[in-house]
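Written out below as structure tokens is the structure these notes cover.
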Amino acid sequence: MIIESALTTFGRYCIFMSRVFSVPQKWKVFGRKFLQEVGKLGLDSIPLTIVISVFIGAVICIQMQLNMTSPIMPAYSTGLATRDILLLEFSSAVLCLILSGKVGSNIASEIGTMRVTEQIDALEIMGINSAQFLVLPKILAFMFFIPVLVVFSIATGLFGGWIIAAFTDMIPVSRYIYGIQTMFVEWYVWYTIIKAVVFSVIITSVASFYGYYVKGGALDVGKASTQAVVSSSILILLFDVILTKLLMQ
Amino acid sequence: MIEVKGVEKSFDGVQVLKGVSCTFETGKTNLIIGQSGSGKTVLMKSLVGLLRPEKGEILYDGRDLLKMDREETQSLRTEIGMLFQGSALFDSETVLGNVEFPLMMYTKMTDAERKDRARFCLERVGLKGADEKYPSEISGGMQKRVAIARAIALNPKYLFCDEPNSGLDPKTSILIDELLSDITHEYQMTTVINTHDMNSVLGIGENIVFIRKGHREWVGNKDLVYTATNEALSHFIFATELFQKVKEYVISNGHS
């Protein structure tokens, strides 16, 4: 029963995505909507990204220092571990899990409200592919902007660790700075960006899917929003495992 | 003209439309009336292609909607304007933006031409000075007017209105009815209105289709409803004491 329901939902999602990925009817209108979505989904997420990353960066730095203190561990290892945790997991997977709450619920409730207030029907009556018109700009805008958020997250997370080094006596600043520079693997940056781009597609498409097929009223929009966040979070975790296996071998 | 022939539609095994046939004439306000659950909304959604009937034909001046491919349907839809029950204005656009929207999607007008046309439509529905307001900042009656302006922006041949008076006070309802009737005659559109409002039935019903339990029960016009022998129709239209008295007065005086 559960498998049948999951397969049905997956099938509907595939059909929905085939409607989404079609050529825009008017490129000028598409361009305008794309820029609006970059602002709404991307730029508006910068403050949240910065706040979370600074605090998490600081916490990681403290935890690493407290748990890795050993005569055989070099002093710079705290900076190195902070950097690698941010690069490998936090600034892609954890950040996207958090953003799925903000961006995902925003998209699901926006499109869901358009559905229950017949705005989507109005688009269809006008002969417009509503799925493409509403969803494609969101997916592409967030895909386009997520690398910026990832870079912001890495930078501000490292800054959070630096604050701990600079304003406490847990670790010398020079050791922390050395640690975050040493044994740097450029691929980690690409790895985290690739993961984040995949997660951005999951967040936007899954939220749009749940919003688009809402039936009922305000209560159902709320339910769709919750379902969107839960489903995209699970999918992010699943794809995190798959991508890590594929990209880090 | 829109011809509906033997349209059938079911949901989960329950037949809602049971072979409905009727004609909606050009240049007239055509009303679909019936009790809640009678199938009139399903009929209207089938007419505009939001629902696909299992059987029958829906002919737009001879072109069968149900046999059209995607491109033909899309082309037909540029000839259709629709006014939704809740207006269905785009929240994120201003009043002017809402009216400009279909023009932006389907014409090659410059910005200035588009704005001129949108302002003309807004003036035609009696809305001036609300261009930069958002739908949430205007009243229900004004929202209906904006929706009508948006619906007529592309000079449609067919106009569909789903309960245009719902949620409006009687005075505003009459204004909306008059506006719909005026633009129908002015632009020679085929206007189809789905309504519960008896004032609309008796005021602008030039062609009335009464739907009951998924069947077309009666066809006529606003003058014929007073003398109609169909019991279900009489019970439906003259359900209140006020309308009963109107009926008695009209019959006794010989005119509406």
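Ordered as shown in the structure tokens, chains take letters A, B, and onward, while each chain numbers its residues from 1 and ligands are numbered from 1 in the order shown.
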Residues of chain B within 7 Å of chain A, only C-alpha atoms counted, as a list of chain:residue names: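 Close to chain A, chain B has B:Val48, B:Gln74, B:Arg77, B:Thr78, B:Gly86, B:Ala88, B:Leu89, B:Phe90, B:Met105.
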Could you save those same residues with C-alpha atoms as an mmCIF file, in the first residue's frame?
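New file part-v4.cif:
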```cif
data_model
loop_
_atom_site.group_PDB
_atom_site.id
_atom_site.type_symbol
_atom_site.label_atom_id
_atom_site.label_comp_id
_atom_site.auth_asym_id
_atom_site.auth_seq_id
_atom_site.Cartn_x
_atom_site.Cartn_y
_atom_site.Cartn_z
ATOM 1 C CA VAL B 48 -13.407 25.888 -20.776
ATOM 2 C CA GLN B 74 -3.933 26.896 -26.602
ATOM 3 C CA ARG B 77 -7.848 29.782 -25.120
ATOM 4 C CA THR B 78 -6.563 33.121 -26.352
ATOM 5 C CA GLY B 86 -13.086 34.581 -6.267
ATOM 6 C CA ALA B 88 -8.445 34.874 -9.145
ATOM 7 C CA LEU B 89 -6.339 37.993 -9.510
ATOM 8 C CA PHE B 90 -2.588 37.524 -9.210
ATOM 9 C CA MET B 105 1.850 36.937 -22.898
#
```
Hey, could you make a per-residue contact list for region 176-204 of chain B against region 235-243 of chain B with 12 Å as the cut-off, showing the nearest pair of atoms and its distance in Å to one decimal, counting only C-alpha atoms, sorted by chain and number, as a tab-separated table?
```
residue	atom	partner	partner_atom	distance
B:Thr195	CA	B:Ile237	CA	11.5
B:His196	CA	B:Ile237	CA	9.1
B:Asp197	CA	B:Ile237	CA	9.1
B:Met198	CA	B:Ile237	CA	6.3
B:Asn199	CA	B:Phe243	CA	9.4
B:Ser200	CA	B:Ile237	CA	10.9
B:Val201	CA	B:Ile237	CA	8.3
B:Leu202	CA	B:Ile237	CA	9.1
```
Go ahead and write the residues just picked, C-alpha atoms, as a CSV table (one decimal), in the first residue's frame.
```csv
chain,number,residue,atom,x,y,z
B,195,THR,CA,-25.1,31.9,-11.3
B,196,HIS,CA,-27.3,31.4,-8.3
B,197,ASP,CA,-28.5,35.0,-8.2
B,198,MET,CA,-32.2,35.3,-9.1
B,199,ASN,CA,-31.7,39.1,-9.8
B,200,SER,CA,-29.3,38.1,-12.6
B,201,VAL,CA,-31.7,35.5,-13.9
B,202,LEU,CA,-34.6,38.0,-14.1
```
May I have the residues within 9 Å of region 68-81 of chain A as a PyMOL selection string, using only C-alpha atoms and disregarding those fewer than 5 positions away in the same chain? chain A and resi 60-63+86+158+161-162+171-172+174-184
Could you turn the residues from that selection into a file that holds C-alpha atoms, as a CSV table (one decimal), in the first residue's frame?
```csv
chain,number,residue,atom,x,y,z
A,60,ILE,CA,32.2,23.3,15.6
A,61,CYS,CA,35.4,25.1,16.5
A,62,ILE,CA,34.6,24.8,20.2
A,63,GLN,CA,33.7,21.2,19.9
A,86,LEU,CA,31.9,23.1,6.9
A,158,LEU,CA,35.1,30.0,9.1
A,161,GLY,CA,35.5,29.8,14.2
A,162,TRP,CA,37.8,32.7,14.0
A,171,ILE,CA,43.1,28.2,20.4
A,172,PRO,CA,45.6,30.8,19.1
A,174,SER,CA,47.5,32.0,14.2
A,175,ARG,CA,47.0,28.2,14.6
A,176,TYR,CA,43.4,28.5,13.6
A,177,ILE,CA,44.3,30.5,10.5
A,178,TYR,CA,47.0,28.0,9.7
A,179,GLY,CA,44.6,25.1,10.2
A,180,ILE,CA,42.0,26.4,7.8
A,181,GLN,CA,44.7,26.8,5.1
A,182,THR,CA,46.6,23.6,5.5
A,183,MET,CA,45.9,20.5,3.4
A,184,PHE,CA,43.2,22.2,1.4
```
As a compact mmCIF listing (two decimals) with N, CA and C atoms, in the first residue's frame, please: the residues near region 9-13 of chain B (cut-off 10 Å, only C-alpha atoms, same-chain neighbours under 5 positions excluded).
```txt
# COMPACT_ATOMS: atom_id res chain seq x y z
N LYS B 18 -25.12 14.15 -17.24
CA LYS B 18 -25.72 12.95 -17.86
C LYS B 18 -26.25 13.28 -19.26
N GLY B 19 -25.31 13.58 -20.15
CA GLY B 19 -25.70 13.86 -21.53
C GLY B 19 -26.33 15.23 -21.72
N VAL B 20 -25.65 16.26 -21.24
CA VAL B 20 -26.18 17.64 -21.35
C VAL B 20 -25.99 18.17 -22.77
N GLY B 39 -24.48 20.24 -11.10
CA GLY B 39 -23.51 19.97 -12.16
C GLY B 39 -23.17 21.17 -13.01
N VAL B 42 -19.40 21.93 -13.00
CA VAL B 42 -18.71 20.89 -13.80
C VAL B 42 -18.91 21.18 -15.29
N LEU B 43 -20.12 21.60 -15.64
CA LEU B 43 -20.41 21.93 -17.04
C LEU B 43 -19.52 23.10 -17.49
N SER B 46 -15.99 22.08 -17.86
CA SER B 46 -15.84 21.26 -19.07
C SER B 46 -15.82 22.16 -20.30
N LEU B 51 -11.89 20.61 -17.21
CA LEU B 51 -12.24 19.21 -17.01
C LEU B 51 -12.50 18.59 -18.39
N ARG B 52 -12.21 17.32 -18.51
CA ARG B 52 -12.42 16.66 -19.81
C ARG B 52 -13.57 15.66 -19.70
N PRO B 53 -14.68 15.94 -20.38
CA PRO B 53 -15.81 15.01 -20.34
C PRO B 53 -15.46 13.68 -21.01
N GLU B 54 -16.16 12.63 -20.58
CA GLU B 54 -15.91 11.31 -21.19
C GLU B 54 -16.59 11.19 -22.54
N LYS B 55 -17.71 11.87 -22.68
CA LYS B 55 -18.48 11.75 -23.93
C LYS B 55 -19.01 13.12 -24.33
N GLY B 56 -19.35 13.23 -25.61
CA GLY B 56 -20.02 14.43 -26.09
C GLY B 56 -19.14 15.33 -26.94
N GLY B 214 -27.76 16.81 -13.17
CA GLY B 214 -26.91 16.42 -14.31
C GLY B 214 -27.58 16.45 -15.66
```
What lies within 7 Å of Val4 (chain B) using only C-alpha atoms, ignoring chain neighbours under 4 positions off, as a list in words?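 In the requested format, the answer is Ser21, Cys22, Thr23, Glu57, Ile58 and Leu59 of chain B.
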Limited to N, CA and C atoms, could you put the picked residues into a file as a compact mmCIF listing (two decimals), in the first residue's frame?
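In the end it all went to selection_20.txt:
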```txt
# COMPACT_ATOMS: atom_id res chain seq x y z
N SER B 21 -27.05 18.72 -23.32
CA SER B 21 -26.97 19.37 -24.63
C SER B 21 -27.62 20.75 -24.52
N CYS B 22 -26.96 21.76 -25.03
CA CYS B 22 -27.52 23.11 -25.02
C CYS B 22 -26.70 23.99 -25.96
N THR B 23 -27.19 25.20 -26.20
CA THR B 23 -26.50 26.13 -27.09
C THR B 23 -26.36 27.48 -26.40
N GLU B 57 -19.71 16.45 -27.33
CA GLU B 57 -18.99 17.44 -28.16
C GLU B 57 -19.20 18.82 -27.57
N ILE B 58 -18.15 19.64 -27.62
CA ILE B 58 -18.26 21.04 -27.23
C ILE B 58 -17.74 21.86 -28.40
N LEU B 59 -18.64 22.45 -29.15
CA LEU B 59 -18.28 23.10 -30.41
C LEU B 59 -18.21 24.62 -30.25
```
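Coordinates place CA of Val197 (chain A) at a distance of 18.2 Å from CA of Phe209 (chain A).
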For Ile32 (chain B), work out the shell of residues within 12 Å, counting only C-alpha atoms and skipping chain neighbours fewer than 3 positions away, then give it as number ranges by chain. B: 20, 22-24, 29, 35-36, 38-44, 47, 160-163, 191-198, 200-201, 204-212, 215-221
Would you list the contacts of region 131-142 of chain B as a ChimeraX atom specification, taking every protein, DNA or RNA residue within 10 Å and counting only C-alpha atoms, but skipping same-chain residues closer than 4 positions in sequence? /B:86-99,115,118-119,122,125-127,146-148,164-169,172-173,175-176
What is the CA of Gln15 (chain B) to CA of Tyr13 (chain A) distance in Å?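 Those two atoms sit 28.5 Å apart.
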Pick from B:Ala151, B:Val16, B:Leu65, B:Met1, whichever lies nearest to Ile80 (chain B) using only C-alpha atoms: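 Between B:Ala151, B:Val16, B:Leu65, B:Met1, the residue approaching Ile80 (chain B) most closely is B:Ala151.
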Quick one: distance from CA of Gln188 (chain B) to CA of Lys157 (chain B) in Å, one decimal? 7.5 Å
Can you list every residue in region 34-141 of chain A that DSSP puts in alpha helix (DSSP H), as a VMD selection string? chain A and resid 34 to 37 46 to 67 77 to 85 95 to 99 105 to 116 119 to 125 130 to 141
Point out the residue among A:Lys138, A:Lys195, A:Lys102, A:Arg19 with the least atom-to-atom distance to Val150 (chain A), counting only C-alpha atoms.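 Among A:Lys138, A:Lys195, A:Lys102, A:Arg19, it is A:Lys195 that comes nearest to Val150 (chain A).
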